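Participant: Below is the structure I would like to discuss, written out as structure tokens.
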Amino acid sequence: MKISIGCDHGAYDLKETLKNHLTAKGYEVADEGTYSKDSCDYPVFAHRVANKVAAGDVDFGILCCTTGIGMSIAANKIKGARAALLHDEFSAEMTRRHNNSNILCIGAKIVESEEKACRLADIFLSTEFEGGRHERRVNMFE
């Protein structure tokens, strides 16, 4: 499975942790930046990841910023991107089961720990979409 990951300067450390965690689990991870803690514009990285997900170049995306809010707003502007801002395990599971979300957004200053962020990613990436009545609803997003 191929994952595209991106962040802004406020979540650089979290992105690096997630990238290492996912690589160790055998995922192919495409790092879309940013590549330092220098101030940058988060929509650039949100659009890079969301465009790759929407085009089918990768299976899923992960975006991190200080709160996760800006990344989720920017990513959801791309047709075919379904970015979900997540802070808890239940939501990570349900957004995949019912919404077929394809981009996980995490706030580096919101989630309690990097370990929890890794758990959210694990749940998000391993949960299957249920389809059925949910597919009809997801199709209404477009």
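Letters for chains follow the order of the structure tokens (A, B, ...), residue numbers begin at 1 for each chain, and ligand numbers begin at 1 in the order shown.
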Could you pull the residues within 12 Å of Asn100 in chain A, counting only C-alpha atoms, minus those fewer than 2 positions along the same chain, as a ChimeraX atom specification?

Facilitator: /A:59-60,80-84,92-98,102-104,124-125,127-139,141

Participant: Can you list, as a PyMOL selection string, every protein, DNA or RNA residue that comes within 6 Å of Cys7 in chain A when you count only C-alpha atoms, leaving out same-chain residues fewer than 3 positions away?

Facilitator: chain A and resi 11+34+63-65

Participant: Between CA of Tyr35 in chain A and CA of Ala117 in chain A, what is the distance, to one decimal in Å?

Facilitator: 19.3 Å

Participant: When you look at Leu120 in chain A with a cut-off of 8 Å (counting only C-alpha atoms), what residues show up, excluding the ones that are within fewer than 5 positions of it in the same chain? I need them as a ChimeraX atom specification.

Facilitator: /A:86-89,92

Participant: Considering only C-alpha atoms, return as a count of residues only whatever protein or nucleic-acid residues lie within 6 Å of Ser4 in chain A, sequence-local ones (same chain, fewer than 2 positions apart) excluded.

Facilitator: 4

Participant: What does the distance between CA of Leu18 in chain A and CA of Glu115 in chain A come to in Å, to one decimal place?

Facilitator: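 Interatomic distance here is 9.1 Å.
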
Participant: Apply DSSP to the structure's backbone, then extract all residues of range 3-95 of chain A labelled helix (DSSP H, G or I) and return them as a ChimeraX atom specification.

Facilitator: /A:9-24,42-55,69-75,89-95

Participant: Keeping only C-alpha atoms, write those residues as a PDB file, in the first residue's frame.

Facilitator:
ATOM      1  CA  HIS A   9       6.338  23.466   9.839  1.00  0.00           C
ATOM      2  CA  GLY A  10       4.123  23.038  12.923  1.00  0.00           C
ATOM      3  CA  ALA A  11       3.895  19.282  12.467  1.00  0.00           C
ATOM      4  CA  TYR A  12       7.251  18.400  10.933  1.00  0.00           C
ATOM      5  CA  ASP A  13       8.306  16.178  13.859  1.00  0.00           C
ATOM      6  CA  LEU A  14       4.980  14.321  13.837  1.00  0.00           C
ATOM      7  CA  LYS A  15       5.220  13.725  10.085  1.00  0.00           C
ATOM      8  CA  GLU A  16       8.690  12.260  10.503  1.00  0.00           C
ATOM      9  CA  THR A  17       7.461   9.968  13.301  1.00  0.00           C
ATOM     10  CA  LEU A  18       4.489   8.789  11.238  1.00  0.00           C
ATOM     11  CA  LYS A  19       6.665   8.284   8.159  1.00  0.00           C
ATOM     12  CA  ASN A  20       9.126   6.124  10.116  1.00  0.00           C
ATOM     13  CA  HIS A  21       6.305   4.179  11.788  1.00  0.00           C
ATOM     14  CA  LEU A  22       4.568   3.420   8.493  1.00  0.00           C
ATOM     15  CA  THR A  23       7.783   2.526   6.675  1.00  0.00           C
ATOM     16  CA  ALA A  24       8.660   0.090   9.468  1.00  0.00           C
ATOM     17  CA  TYR A  42       0.195  24.401   4.504  1.00  0.00           C
ATOM     18  CA  PRO A  43      -2.214  24.467   1.499  1.00  0.00           C
ATOM     19  CA  VAL A  44       0.718  23.684  -0.809  1.00  0.00           C
ATOM     20  CA  PHE A  45       1.320  20.365   0.935  1.00  0.00           C
ATOM     21  CA  ALA A  46      -2.371  19.590   1.420  1.00  0.00           C
ATOM     22  CA  HIS A  47      -2.937  19.988  -2.309  1.00  0.00           C
ATOM     23  CA  ARG A  48       0.094  17.833  -3.198  1.00  0.00           C
ATOM     24  CA  VAL A  49      -1.189  14.960  -1.092  1.00  0.00           C
ATOM     25  CA  ALA A  50      -4.871  15.374  -1.996  1.00  0.00           C
ATOM     26  CA  ASN A  51      -4.146  15.519  -5.715  1.00  0.00           C
ATOM     27  CA  LYS A  52      -2.128  12.291  -5.541  1.00  0.00           C
ATOM     28  CA  VAL A  53      -4.912  10.562  -3.609  1.00  0.00           C
ATOM     29  CA  ALA A  54      -7.655  11.843  -5.925  1.00  0.00           C
ATOM     30  CA  ALA A  55      -5.680  10.789  -9.022  1.00  0.00           C
ATOM     31  CA  ILE A  69      -7.929  22.032  10.637  1.00  0.00           C
ATOM     32  CA  GLY A  70      -6.200  23.948   7.859  1.00  0.00           C
ATOM     33  CA  MET A  71      -4.947  20.788   6.203  1.00  0.00           C
ATOM     34  CA  SER A  72      -8.407  19.215   6.227  1.00  0.00           C
ATOM     35  CA  ILE A  73     -10.039  22.332   4.780  1.00  0.00           C
ATOM     36  CA  ALA A  74      -7.420  22.642   2.024  1.00  0.00           C
ATOM     37  CA  ALA A  75      -7.437  18.933   1.129  1.00  0.00           C
ATOM     38  CA  GLU A  89      -9.694   5.829  17.639  1.00  0.00           C
ATOM     39  CA  PHE A  90     -13.471   5.466  17.200  1.00  0.00           C
ATOM     40  CA  SER A  91     -13.596   8.274  14.643  1.00  0.00           C
ATOM     41  CA  ALA A  92     -10.579   6.833  12.805  1.00  0.00           C
ATOM     42  CA  GLU A  93     -12.463   3.568  12.369  1.00  0.00           C
ATOM     43  CA  MET A  94     -15.866   5.036  11.550  1.00  0.00           C
ATOM     44  CA  THR A  95     -14.672   7.546   8.963  1.00  0.00           C
TER      45      THR A  95
END

Participant: Enter the distance from CA of Ile106 in chain A to CA of Asp31 in chain A, in Å, rounded to one decimal.

Facilitator: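 CA of Asp31 in chain A lies at a distance of 15.7 Å from CA of Ile106 in chain A.
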